[in-house]
Amino acid sequence: MLQNLIIFLVIYTTLSFAETPIQKVLNVPETVNYGKSPFLDDDRPFDLKRIIAVGDLHGDFWAALRVLKMAGLVDQNAKWIAAPGTVFVQTGDIVDRGPDTIELYNMMVRLRKEAEELGSRVIPLLGNHELMNMMEDLRYVHPGDTESFGGPELRKKAWSKDGFPGSYLRTLGITTYVNGTVFVHGGISPKWAKLGILQMNSDTKRYLNELSIDDLWKIGLFTSSDCPVWYRGYAQDDEPEICEVLDEALEYLQANAIVVGHTPQLEGKVVSRCNGKIQLIDVGISKVYGRNCAALEILNGKMNPLSCE
């Protein structure tokens with residue numbers, strides 16, 4: 001009896017004083033080298049000059065190319081031309097509502113390679129529509145998209161773990177951090193910020209590669225209304241209340257600002273909230289939303305909205 005009690009007390013004490021997830025987040029991850037790299041998940045030296053963030057593209061290659069050209073990222077042939085030290089973040093929702101899915105994903109894969117070779121980075125993220133397609137929720141698939149894959153069955157194979165874009169998308173995260181700014185499709189509330197960026201991305205890749213489709217629907221990180229790919233609070237909730245929520249999340253994330261897509265800004269311009277700490281970049285680029293042309297530039301820590309106007 002005494003021996004069992006001692007074992008219990010040892011286990012209880014160990015668990016009680018173990019580092020909690022929140023404590024882990026509030027410590028700078030060991031993979032970060034703020035003196036050389038502006039990224040959380042890559043400690044290679046990188047001389048950051050400029051960040052460009054682009055929101056939802058929704059199956060419209062022509063409109064996407066127009067925005068990337070306007071931002072100085074590519075030429076008329078969609079070839080990477082930006083200066084070394086450029087980071088391009090695309091916050092997800094490349095698929096659905098338009099027909100050009102394959103063309104857009106092929107471009108993103110190629111631009112990642114070209115940018116890396118020329119001293120820059122391309123960081124594509126998953127949006128709710130990428131997850132929906134991997135979870136076989138096809139409500140918003142454009143008929144032209146299905147045709148481009150050769151029909152429903154071939155499209156299903158392409159979105160599987162062994163197809164393209166399915167295999168490629170299962171390597172991506174749902175959020176990223178660059179030089180003090182967090183990028184995500186929908187938004188990161190304090191509830192999810194406690195996990196930290198690295199953990200959210202690690203969980204995302206593990207779930208998508210290991211779980212069945214039925215089990216994916218049980219994952220709150222992908223399906224809850226306040227999860228990072230579905231949350232609309234930073235776009236829709238009233239100020240200043242939402243700014244207080246944001247400040248709590250940013251503290252957990254050790255960041256200064258957050259850039260989100262997902263909620264269309266139908267006036268076609270990047271919208272700034274909470275004294276610039278929230279940047280809304282879903283400007284309705286796709287034809288279905290009016291083919292607006294705008295993006296966000298972050299230069300020397302300053303948020304600059306860009307547009308074709």
# chains A, B, ... in the order shown; residues from 1 in each chain; ligands from 1
>>> closest_atom_pairs(of="region 71-175 of chain A", to="region 255-278 of chain A", cutoff="10 Å", atoms="only C-alpha atoms", output="Markdown table")
| residue | atom | partner | partner_atom | distance |
| --- | --- | --- | --- | --- |
| A:Val89 | CA | A:Val259 | CA | 9.8 |
| A:Gln90 | CA | A:Gly261 | CA | 9.1 |
| A:Thr91 | CA | A:Gly261 | CA | 6.2 |
| A:Gly92 | CA | A:Gly261 | CA | 7.7 |
| A:Asp93 | CA | A:His262 | CA | 7.7 |
| A:Gly127 | CA | A:His262 | CA | 7.7 |
| A:Asn128 | CA | A:His262 | CA | 8.2 |
| A:His129 | CA | A:His262 | CA | 9.6 |
| A:Thr175 | CA | A:Val260 | CA | 9.8 |
>>> select_by_dssp(residues="region 33-248 of chain A", states="strand (DSSP E)", output="VMD selection string")
chain A and resid 50 to 54 86 to 90 121 to 124 175 to 178 181 to 184
>>> residues_around(residues="region 109-119 of chain A", least_positions_apart="4", cutoff="8 Å", atoms="only C-alpha atoms", output="PDB file with N, CA, C and O atoms, in the first residue's frame")
ATOM      1  N   LYS A  79       6.287  34.145 -64.438  1.00  0.00           N
ATOM      2  CA  LYS A  79       7.613  33.756 -63.964  1.00  0.00           C
ATOM      3  C   LYS A  79       8.034  34.690 -62.833  1.00  0.00           C
ATOM      4  O   LYS A  79       7.807  35.901 -62.896  1.00  0.00           O
ATOM      5  N   TRP A  80       8.695  34.150 -61.834  1.00  0.00           N
ATOM      6  CA  TRP A  80       9.106  34.934 -60.664  1.00  0.00           C
ATOM      7  C   TRP A  80      10.139  35.992 -61.059  1.00  0.00           C
ATOM      8  O   TRP A  80      11.161  35.676 -61.677  1.00  0.00           O
ATOM      9  N   ALA A  82      10.578  38.933 -58.650  1.00  0.00           N
ATOM     10  CA  ALA A  82      10.773  39.804 -57.482  1.00  0.00           C
ATOM     11  C   ALA A  82      12.224  39.787 -57.022  1.00  0.00           C
ATOM     12  O   ALA A  82      12.945  38.809 -57.192  1.00  0.00           O
ATOM     13  N   ALA A  83      12.629  40.886 -56.392  1.00  0.00           N
ATOM     14  CA  ALA A  83      14.001  41.020 -55.906  1.00  0.00           C
ATOM     15  C   ALA A  83      14.277  40.025 -54.789  1.00  0.00           C
ATOM     16  O   ALA A  83      13.360  39.601 -54.069  1.00  0.00           O
ATOM     17  N   PRO A  84      15.536  39.626 -54.629  1.00  0.00           N
ATOM     18  CA  PRO A  84      15.890  38.752 -53.503  1.00  0.00           C
ATOM     19  C   PRO A  84      15.443  39.362 -52.184  1.00  0.00           C
ATOM     20  O   PRO A  84      15.447  40.579 -52.005  1.00  0.00           O
ATOM     21  N   GLY A  85      15.048  38.492 -51.259  1.00  0.00           N
ATOM     22  CA  GLY A  85      14.572  38.958 -49.966  1.00  0.00           C
ATOM     23  C   GLY A  85      13.076  39.200 -49.911  1.00  0.00           C
ATOM     24  O   GLY A  85      12.555  39.691 -48.916  1.00  0.00           O
ATOM     25  N   THR A  86      12.366  38.831 -50.993  1.00  0.00           N
ATOM     26  CA  THR A  86      10.908  38.975 -51.033  1.00  0.00           C
ATOM     27  C   THR A  86      10.245  37.718 -50.477  1.00  0.00           C
ATOM     28  O   THR A  86      10.659  36.602 -50.801  1.00  0.00           O
ATOM     29  N   TYR A 105      -2.601  25.852 -58.894  1.00  0.00           N
ATOM     30  CA  TYR A 105      -1.709  25.070 -58.027  1.00  0.00           C
ATOM     31  C   TYR A 105      -0.381  24.776 -58.711  1.00  0.00           C
ATOM     32  O   TYR A 105       0.679  24.796 -58.074  1.00  0.00           O
ATOM     33  N   ILE A 123       5.176  31.222 -49.573  1.00  0.00           N
ATOM     34  CA  ILE A 123       4.568  30.438 -48.495  1.00  0.00           C
ATOM     35  C   ILE A 123       3.068  30.318 -48.763  1.00  0.00           C
ATOM     36  O   ILE A 123       2.298  31.239 -48.479  1.00  0.00           O
TER      37      ILE A 123
END
>>> atom_distance(atom1="CA of Cys308 (chain A)", atom2="CA of Lys69 (chain A)")
9.6 Å
>>> residues_around(residues="Met134 (chain A)", least_positions_apart="2", cutoff="8 Å", atoms="only C-alpha atoms", output="number ranges by chain")
A: 130-132, 136-137, 159-160, 166, 213
>>> write_last_selection(atoms="C-alpha atoms", output="mmCIF file, in the first residue's frame")
data_model
loop_
_atom_site.group_PDB
_atom_site.id
_atom_site.type_symbol
_atom_site.label_atom_id
_atom_site.label_comp_id
_atom_site.auth_asym_id
_atom_site.auth_seq_id
_atom_site.Cartn_x
_atom_site.Cartn_y
_atom_site.Cartn_z
ATOM 1 C CA GLU A 130 -8.665 23.305 -49.536
ATOM 2 C CA LEU A 131 -9.711 21.398 -46.438
ATOM 3 C CA MET A 132 -13.272 20.983 -47.688
ATOM 4 C CA GLU A 136 -14.846 15.563 -49.972
ATOM 5 C CA ASP A 137 -17.146 18.518 -49.405
ATOM 6 C CA TRP A 159 -7.335 15.169 -54.333
ATOM 7 C CA SER A 160 -6.316 11.986 -52.518
ATOM 8 C CA GLY A 166 -3.813 16.284 -52.875
ATOM 9 C CA ILE A 213 -12.093 11.521 -44.127
#
>>> atom_distance(atom1="CA of Pro228 (chain A)", atom2="CA of Tyr177 (chain A)")
13.8 Å
>>> atom_distance(atom1="CA of Ala158 (chain A)", atom2="CA of Tyr289 (chain A)")
26.7 Å
>>> residues_around(residues="Pro38 (chain A)", least_positions_apart="6", cutoff="10 Å", atoms="only C-alpha atoms", output="mmCIF file with C-alpha atoms, in the first residue's frame")
data_model
loop_
_atom_site.group_PDB
_atom_site.id
_atom_site.type_symbol
_atom_site.label_atom_id
_atom_site.label_comp_id
_atom_site.auth_asym_id
_atom_site.auth_seq_id
_atom_site.Cartn_x
_atom_site.Cartn_y
_atom_site.Cartn_z
ATOM 1 C CA VAL A 32 13.908 30.606 -34.184
ATOM 2 C CA ARG A 44 18.437 29.541 -42.447
ATOM 3 C CA PRO A 45 19.758 33.105 -42.791
ATOM 4 C CA PHE A 46 17.388 35.256 -44.847
ATOM 5 C CA ASP A 47 17.773 38.963 -45.582
ATOM 6 C CA LEU A 48 14.112 40.020 -45.573
ATOM 7 C CA TYR A 177 4.823 33.788 -39.043
ATOM 8 C CA VAL A 178 7.122 36.229 -40.822
ATOM 9 C CA ASN A 179 9.042 38.899 -38.943
ATOM 10 C CA GLY A 180 6.400 39.594 -36.288
ATOM 11 C CA THR A 181 3.290 39.174 -38.447
#
>>> residues_around(residues="region 209-211 of chain A", least_positions_apart="4", cutoff="12 Å", atoms="only C-alpha atoms", output="PyMOL selection string")
chain A and resi 134-135+160-162+166-172+202-205+215-219
>>> write_last_selection(atoms="C-alpha atoms", output="PDB file, in the first residue's frame")
ATOM      1  CA  MET A 134      -9.683  17.056 -49.076  1.00  0.00           C
ATOM      2  CA  MET A 135     -12.645  16.120 -46.873  1.00  0.00           C
ATOM      3  CA  SER A 160      -6.316  11.986 -52.518  1.00  0.00           C
ATOM      4  CA  LYS A 161      -3.067  11.527 -50.610  1.00  0.00           C
ATOM      5  CA  ASP A 162      -1.445  10.059 -53.730  1.00  0.00           C
ATOM      6  CA  GLY A 166      -3.813  16.284 -52.875  1.00  0.00           C
ATOM      7  CA  SER A 167      -0.304  15.165 -51.963  1.00  0.00           C
ATOM      8  CA  TYR A 168       1.077  18.701 -52.292  1.00  0.00           C
ATOM      9  CA  LEU A 169      -1.620  20.284 -50.124  1.00  0.00           C
ATOM     10  CA  ARG A 170      -0.978  17.776 -47.350  1.00  0.00           C
ATOM     11  CA  THR A 171       2.507  19.255 -46.945  1.00  0.00           C
ATOM     12  CA  LEU A 172       1.206  22.774 -46.225  1.00  0.00           C
ATOM     13  CA  SER A 202       2.285  20.010 -37.176  1.00  0.00           C
ATOM     14  CA  ASP A 203      -1.195  18.846 -36.178  1.00  0.00           C
ATOM     15  CA  THR A 204      -2.596  19.882 -39.556  1.00  0.00           C
ATOM     16  CA  LYS A 205      -0.108  17.808 -41.538  1.00  0.00           C
ATOM     17  CA  ASP A 215     -12.286  11.270 -38.737  1.00  0.00           C
ATOM     18  CA  LEU A 216     -11.194  14.586 -40.233  1.00  0.00           C
ATOM     19  CA  TRP A 217     -14.739  15.860 -39.772  1.00  0.00           C
ATOM     20  CA  LYS A 218     -14.269  15.368 -36.020  1.00  0.00           C
ATOM     21  CA  ILE A 219     -11.216  17.646 -35.859  1.00  0.00           C
TER      22      ILE A 219
END
>>> residues_around(residues="Ala71 (chain A)", least_positions_apart="4", cutoff="8 Å", atoms="only C-alpha atoms", output="ChimeraX atom specification")
/A:52,67,295,306
>>> write_last_selection(atoms="C-alpha atoms", output="compact mmCIF listing (two decimals), in the first residue's frame")
# COMPACT_ATOMS: atom_id res chain seq x y z
CA ILE A 52 3.53 40.54 -50.15
CA VAL A 67 -2.59 40.78 -58.91
CA ALA A 295 -2.75 42.97 -52.15
CA LEU A 306 -1.51 47.90 -53.04
